[in-house]
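Have a look at coords34.txt below; it lists compact mmCIF, C-alpha atoms.
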# COMPACT_ATOMS: atom_id res chain seq x y z
CA MET A 199 -17.38 -9.33 -44.18
CA VAL A 200 -13.95 -10.44 -42.93
CA MET A 201 -12.38 -7.53 -44.77
CA LEU A 202 -14.71 -5.11 -42.98
CA LYS A 203 -13.57 -6.49 -39.61
CA TYR A 204 -9.93 -6.00 -40.54
CA ILE A 205 -10.60 -2.46 -41.67
CA SER A 206 -12.54 -1.78 -38.46
CA PHE A 207 -9.68 -3.15 -36.37
CA PHE A 208 -7.18 -0.88 -38.10
CA VAL A 209 -9.48 2.14 -37.77
CA PHE A 210 -9.90 1.57 -34.02
CA SER A 211 -6.19 0.91 -33.60
CA PHE A 212 -5.42 4.14 -35.40
CA LEU A 213 -8.01 5.97 -33.27
CA PHE A 214 -6.42 4.72 -30.03
CA ILE A 215 -2.88 5.51 -31.16
CA SER A 216 -3.80 8.97 -32.37
CA ILE A 217 -5.78 9.80 -29.23
CA PHE A 218 -3.10 8.66 -26.81
CA GLY A 219 -0.43 10.27 -28.96
CA GLN A 220 -2.10 13.68 -28.69
CA TYR A 221 -2.60 13.90 -24.94
CA LYS A 222 0.12 14.83 -22.53
CA ILE A 223 -0.96 14.48 -18.93
CA ALA A 224 1.27 16.49 -16.62
CA VAL A 225 0.68 17.67 -13.06
CA LYS A 226 1.70 21.26 -12.45
CA GLU A 227 2.02 22.99 -9.12
CA LYS A 228 0.73 26.55 -9.06
CA SER A 229 -1.19 29.10 -7.05
CA VAL A 230 -4.94 28.93 -7.70
CA GLN A 231 -7.76 31.24 -6.59
CA PHE A 232 -10.45 29.35 -4.64
CA ASN A 233 -13.54 30.75 -2.88
CA ASP A 234 -11.67 30.83 0.45
CA GLY A 235 -8.46 32.33 -0.89
CA ASN A 236 -5.42 31.81 -3.07
CA PHE A 237 -3.85 28.38 -2.38
CA ASN A 238 -0.98 26.28 -3.67
CA ALA A 239 -2.58 23.55 -5.79
CA PHE A 240 -1.82 20.69 -8.13
CA SER A 241 -3.33 21.22 -11.56
CA VAL A 242 -3.83 18.64 -14.30
CA GLU A 243 -5.78 18.43 -17.54
CA VAL A 244 -8.28 15.61 -18.15
CA PHE A 245 -9.26 14.85 -21.75
CA GLU A 246 -12.43 13.54 -23.42
CA LEU A 247 -14.76 14.21 -20.47
CA SER A 248 -17.00 17.13 -19.56
CA SER A 249 -16.43 19.28 -16.52
CA LYS A 250 -19.41 17.68 -14.75
CA GLU A 251 -18.05 14.17 -15.38
CA VAL A 252 -14.61 15.13 -14.02
CA GLU A 253 -16.23 16.65 -10.93
CA LYS A 254 -18.26 13.48 -10.35
CA LEU A 255 -15.13 11.32 -10.61
CA TRP A 256 -13.11 13.58 -8.30
CA LYS A 257 -15.90 13.54 -5.70
CA LYS A 258 -15.71 9.74 -5.75
CA GLU A 259 -11.94 9.97 -5.34
CA MET A 260 -12.36 12.26 -2.30
CA LYS A 261 -14.89 9.85 -0.80
CA ASP A 262 -12.33 7.07 -1.28
CA MET A 263 -10.03 9.22 0.89
CA LYS A 264 -12.81 9.16 3.52
CA ALA A 265 -13.57 12.87 3.11
CA ASN A 266 -16.94 14.51 3.78
CA VAL A 267 -17.64 16.02 0.36
CA SER A 268 -19.59 19.22 -0.27
CA THR A 269 -20.04 21.57 -3.21
CA LYS A 270 -20.34 25.34 -2.95
CA LYS A 271 -20.10 27.99 -5.67
CA ASN A 272 -18.70 25.65 -8.36
CA GLU A 273 -16.06 24.34 -5.99
CA MET A 274 -15.72 20.98 -4.25
CA LYS A 275 -14.44 20.56 -0.72
CA GLY A 276 -13.51 17.39 1.11
CA ASP A 277 -13.31 17.74 4.90
CA ASP A 278 -11.24 15.47 7.13
CA ALA A 279 -9.72 13.27 4.43
CA ARG A 280 -7.42 10.45 5.45
CA VAL A 281 -4.71 8.73 3.44
CA LYS A 282 -2.24 6.39 5.10
CA SER A 283 0.73 7.75 3.17
CA MET A 284 -0.09 11.29 4.38
CA GLY A 285 0.25 10.33 8.05
CA GLU A 286 -2.26 10.11 10.87
CA ASN A 287 -3.60 13.67 10.63
CA THR A 288 -6.65 14.52 8.55
CA PHE A 289 -6.54 17.17 5.83
CA ASP A 290 -9.00 19.15 3.73
CA ILE A 291 -9.18 19.10 -0.05
CA TYR A 292 -10.28 21.99 -2.28
CA ALA A 293 -10.93 21.33 -5.96
CA LYS A 294 -12.39 23.16 -8.91
CA THR A 295 -12.64 22.51 -12.61
CA LYS A 296 -12.32 24.78 -15.59
CA GLN A 297 -13.32 23.86 -19.14
CA GLN A 298 -10.43 24.30 -21.58
CA ASP A 299 -10.31 24.08 -25.38
CA ASN A 300 -9.04 20.52 -25.40
CA GLY A 301 -10.10 19.19 -22.00
CA VAL A 302 -10.93 20.04 -18.41
CA GLU A 303 -8.38 21.49 -16.03
CA ILE A 304 -8.84 20.41 -12.42
CA ALA A 305 -6.96 22.23 -9.67
CA ILE A 306 -6.67 20.47 -6.31
CA ALA A 307 -5.32 22.01 -3.10
CA PHE A 308 -4.58 20.06 0.08
CA ASP A 309 -4.94 21.94 3.39
CA LEU A 310 -2.79 20.16 5.97
CA GLY A 311 -4.15 22.35 8.77
CA GLY A 312 -2.38 25.66 8.72
CA ALA A 313 -0.31 25.09 5.59
CA PHE A 314 -1.17 24.00 2.09
CA LEU A 315 0.71 21.09 0.57
CA SER A 316 3.69 22.19 -1.53
CA SER A 317 6.73 20.43 -2.94
CA SER A 318 9.10 22.85 -1.28
CA GLN A 319 7.75 22.36 2.27
CA HIS A 320 6.34 18.80 2.21
CA ALA A 321 8.38 16.89 -0.39
CA ASP A 322 7.29 13.32 0.47
CA LYS A 323 3.59 14.14 0.90
CA ALA A 324 3.58 16.30 -2.22
CA LYS A 325 5.14 13.46 -4.23
CA GLU A 326 2.39 11.09 -3.06
CA MET A 327 -0.44 13.52 -3.87
CA ARG A 328 1.12 14.46 -7.21
CA ARG A 329 1.18 10.73 -8.07
CA ARG A 330 -2.45 10.38 -6.97
CA VAL A 331 -3.58 13.40 -9.04
CA TYR A 332 -1.69 12.08 -12.08
CA SER A 333 -3.23 8.63 -11.66
CA PHE A 334 -6.69 10.22 -11.42
CA ALA A 335 -6.17 12.19 -14.65
CA VAL A 336 -4.94 9.12 -16.56
CA SER A 337 -7.84 7.00 -15.31
CA ALA A 338 -10.43 9.69 -16.10
CA THR A 339 -9.02 10.26 -19.59
CA LYS A 340 -9.10 6.51 -20.27
CA GLN A 341 -12.74 6.46 -19.19
CA GLY A 342 -13.51 9.26 -21.64
CA ILE A 343 -11.75 7.42 -24.45
CA ARG A 344 -13.65 4.22 -23.62
CA GLY A 345 -16.87 6.22 -24.02
CA ILE A 346 -15.78 7.38 -27.48
CA LEU A 347 -14.81 3.84 -28.44
CA LYS A 348 -18.20 2.53 -27.31
CA GLN A 349 -19.98 5.10 -29.49
CA GLU A 350 -17.82 4.20 -32.47
CA GLN A 351 -18.48 0.50 -31.95
CA LYS A 352 -22.22 1.18 -32.01
CA LYS A 353 -21.77 3.03 -35.31
CA GLN A 354 -19.74 0.13 -36.64
CA ALA A 355 -22.42 -2.40 -35.64
CA GLU A 356 -25.06 -0.30 -37.39
CA LEU A 357 -22.93 -0.08 -40.55
CA GLU A 358 -22.32 -3.83 -40.48
CA LYS A 359 -26.07 -4.39 -40.18
CA GLN A 360 -26.71 -2.10 -43.13
CA GLN A 361 -24.06 -3.95 -45.13
CA ALA A 362 -25.65 -7.30 -44.31
CA ASP A 363 -29.03 -5.97 -45.44
CA LEU A 364 -27.50 -4.82 -48.72
CA VAL A 365 -25.86 -8.19 -49.32
Any chance you could give the structure as structure tokens?
Amino acid sequence: MVMLKYISFFVFSFLFISIFGQYKIAVKEKSVQFNDGNFNAFSVEVFELSSKEVEKLWKKEMKDMKANVSTKKNEMKGDDARVKSMGENTFDIYAKTKQQDNGVEIAIAFDLGGAFLSSSQHADKAKEMRRRVYSFAVSATKQGIRGILKQEQKKQAELEKQQADLV
């Protein structure tokens, strides 16, 4: 029984190391086509979650920025968002997800009111939003991995029960 626990520990440790070793979370800045036009956006890949789960988490993130969130034609929009580090003015957020082979790409554009956030024109604000998008992707990926771990722990408990019955 003790041996099984050690083996399980090493299996889960290996699982965590291999999962985190495979994923590279990087925020890219690129032009993305949204329903209202082609905007400069920050794009990042989230792993181990479905597109719907990523959308749900990003909606919560927009609500944390005090935005009025709506969804239209597979695209999320947050009106009148406020973040202290972005200054006193409100801004709008456009976001959409796209299922990829190994994760979900989420593209997020920030409309500052006449201009979209870009590193070349708004260096300090872009740095803050890039950090926020990166933090979101890391947190969401960790949540997905926790879900996998929970499923594997259930399987382990079932196998331990079967082993106890055999003994």
Do you know which residues lie at most 8 Å from (-0.8, 25.8, -16.6), with coordinates as in the file and all atoms listed in the file counted, and could you write them as a PDB file with C-alpha atoms, in the frame of the given file?
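Final output, saved to selection39.pdb:
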ATOM      1  CA  LYS A 226       1.700  21.260 -12.450  1.00  0.00           C
ATOM      2  CA  LYS A 228       0.730  26.550  -9.060  1.00  0.00           C
ATOM      3  CA  SER A 241      -3.330  21.220 -11.560  1.00  0.00           C
TER       4      SER A 241
END
Pick the closest to Ala335 in chain A from A:Phe289, A:Tyr221, A:Phe308, A:Phe232: which is it, counting all atoms listed in the file? A:Tyr221
Rounded to one decimal place, report the CA of Glu246 in chain A-CA of Gly342 in chain A distance in Å. 4.8 Å
Go through A:Ile223, A:Gln319, A:Phe245, A:Asn238 and flag the residue nearest Gln341 in chain A, using only C-alpha atoms for the distances. A:Phe245
Interface rows for range 299-326 of chain A against range 270-286 of chain A: nearest pair, Å to one decimal, 9 Å, only C-alpha atoms, as JSON lines:
{"residue": "A:Asp322", "atom": "CA", "partner": "A:Met284", "partner_atom": "CA", "distance": 8.6}
{"residue": "A:Lys323", "atom": "CA", "partner": "A:Met284", "partner_atom": "CA", "distance": 5.8}
{"residue": "A:Glu326", "atom": "CA", "partner": "A:Ser283", "partner_atom": "CA", "distance": 7.3}
Excluding Ala239 in chain A and any residue of its chain fewer than 4 positions from it, enumerate the residues within 9 Å of it, using only C-alpha atoms, and give them as a PyMOL selection string. chain A and resi 226-230+292-293+305-308+314-316
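Closest to Ile346 in chain A among A:Val331, A:Leu247, A:Val252, A:Ile291 is A:Leu247, based on all atoms listed in the file.
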Padding of 4 Å on every side, edges along x, y and z, all listed atoms of range 228-241 of chain A included: what centre and edge lengths in Å, to one decimal, does that box have, as lines of an AutoDock Vina configuration file?
center_x = -6.4
center_y = 26.5
center_z = -5.6
size_x = 22.3
size_y = 19.6
size_z = 20.0
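Taking CA of Glu243 in chain A and CA of Ala224 in chain A as the two end points, the separation is 7.4 Å.
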Output range 338-353 of chain A from the block with N, CA, C and O atoms, as a PDB file, in the first residue's frame?
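Saved to result-v9.pdb:
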ATOM      1  N   ALA A 338      -5.445  30.470 -16.093  1.00  0.00           N
ATOM      2  CA  ALA A 338      -6.414  29.601 -16.758  1.00  0.00           C
ATOM      3  C   ALA A 338      -5.804  28.233 -17.066  1.00  0.00           C
ATOM      4  O   ALA A 338      -6.451  27.201 -16.884  1.00  0.00           O
ATOM      5  N   THR A 339      -4.558  28.209 -17.507  1.00  0.00           N
ATOM      6  CA  THR A 339      -3.890  26.945 -17.800  1.00  0.00           C
ATOM      7  C   THR A 339      -3.721  26.121 -16.521  1.00  0.00           C
ATOM      8  O   THR A 339      -3.949  24.908 -16.518  1.00  0.00           O
ATOM      9  N   LYS A 340      -3.355  26.784 -15.430  1.00  0.00           N
ATOM     10  CA  LYS A 340      -3.238  26.080 -14.149  1.00  0.00           C
ATOM     11  C   LYS A 340      -4.581  25.478 -13.737  1.00  0.00           C
ATOM     12  O   LYS A 340      -4.630  24.361 -13.224  1.00  0.00           O
ATOM     13  N   GLN A 341      -5.653  26.219 -13.979  1.00  0.00           N
ATOM     14  CA  GLN A 341      -6.982  25.697 -13.648  1.00  0.00           C
ATOM     15  C   GLN A 341      -7.288  24.452 -14.467  1.00  0.00           C
ATOM     16  O   GLN A 341      -7.843  23.474 -13.954  1.00  0.00           O
ATOM     17  N   GLY A 342      -6.938  24.470 -15.738  1.00  0.00           N
ATOM     18  CA  GLY A 342      -7.136  23.295 -16.582  1.00  0.00           C
ATOM     19  C   GLY A 342      -6.331  22.102 -16.108  1.00  0.00           C
ATOM     20  O   GLY A 342      -6.814  20.972 -16.082  1.00  0.00           O
ATOM     21  N   ILE A 343      -5.102  22.343 -15.697  1.00  0.00           N
ATOM     22  CA  ILE A 343      -4.242  21.264 -15.205  1.00  0.00           C
ATOM     23  C   ILE A 343      -4.782  20.718 -13.885  1.00  0.00           C
ATOM     24  O   ILE A 343      -4.759  19.506 -13.658  1.00  0.00           O
ATOM     25  N   ARG A 344      -5.294  21.602 -13.025  1.00  0.00           N
ATOM     26  CA  ARG A 344      -5.897  21.132 -11.768  1.00  0.00           C
ATOM     27  C   ARG A 344      -7.078  20.209 -12.051  1.00  0.00           C
ATOM     28  O   ARG A 344      -7.296  19.228 -11.337  1.00  0.00           O
ATOM     29  N   GLY A 345      -7.836  20.513 -13.096  1.00  0.00           N
ATOM     30  CA  GLY A 345      -8.955  19.652 -13.489  1.00  0.00           C
ATOM     31  C   GLY A 345      -8.473  18.268 -13.895  1.00  0.00           C
ATOM     32  O   GLY A 345      -9.067  17.252 -13.517  1.00  0.00           O
ATOM     33  N   ILE A 346      -7.392  18.218 -14.664  1.00  0.00           N
ATOM     34  CA  ILE A 346      -6.816  16.936 -15.075  1.00  0.00           C
ATOM     35  C   ILE A 346      -6.319  16.172 -13.850  1.00  0.00           C
ATOM     36  O   ILE A 346      -6.561  14.972 -13.710  1.00  0.00           O
ATOM     37  N   LEU A 347      -5.643  16.868 -12.958  1.00  0.00           N
ATOM     38  CA  LEU A 347      -5.124  16.227 -11.751  1.00  0.00           C
ATOM     39  C   LEU A 347      -6.262  15.646 -10.914  1.00  0.00           C
ATOM     40  O   LEU A 347      -6.158  14.525 -10.414  1.00  0.00           O
ATOM     41  N   LYS A 348      -7.342  16.383 -10.800  1.00  0.00           N
ATOM     42  CA  LYS A 348      -8.498  15.911 -10.027  1.00  0.00           C
ATOM     43  C   LYS A 348      -9.060  14.615 -10.631  1.00  0.00           C
ATOM     44  O   LYS A 348      -9.384  13.675  -9.908  1.00  0.00           O
ATOM     45  N   GLN A 349      -9.164  14.573 -11.946  1.00  0.00           N
ATOM     46  CA  GLN A 349      -9.651  13.361 -12.618  1.00  0.00           C
ATOM     47  C   GLN A 349      -8.708  12.183 -12.361  1.00  0.00           C
ATOM     48  O   GLN A 349      -9.156  11.063 -12.108  1.00  0.00           O
ATOM     49  N   GLU A 350      -7.419  12.441 -12.433  1.00  0.00           N
ATOM     50  CA  GLU A 350      -6.440  11.376 -12.222  1.00  0.00           C
ATOM     51  C   GLU A 350      -6.458  10.897 -10.770  1.00  0.00           C
ATOM     52  O   GLU A 350      -6.270   9.711 -10.505  1.00  0.00           O
ATOM     53  N   GLN A 351      -6.697  11.814  -9.840  1.00  0.00           N
ATOM     54  CA  GLN A 351      -6.776  11.410  -8.436  1.00  0.00           C
ATOM     55  C   GLN A 351      -7.999  10.533  -8.191  1.00  0.00           C
ATOM     56  O   GLN A 351      -7.955   9.606  -7.386  1.00  0.00           O
ATOM     57  N   LYS A 352      -9.098  10.816  -8.876  1.00  0.00           N
ATOM     58  CA  LYS A 352     -10.288   9.963  -8.767  1.00  0.00           C
ATOM     59  C   LYS A 352      -9.976   8.558  -9.285  1.00  0.00           C
ATOM     60  O   LYS A 352     -10.375   7.563  -8.693  1.00  0.00           O
ATOM     61  N   LYS A 353      -9.261   8.495 -10.414  1.00  0.00           N
ATOM     62  CA  LYS A 353      -8.876   7.189 -10.967  1.00  0.00           C
ATOM     63  C   LYS A 353      -7.974   6.446  -9.986  1.00  0.00           C
ATOM     64  O   LYS A 353      -8.124   5.246  -9.783  1.00  0.00           O
TER      65      LYS A 353
END
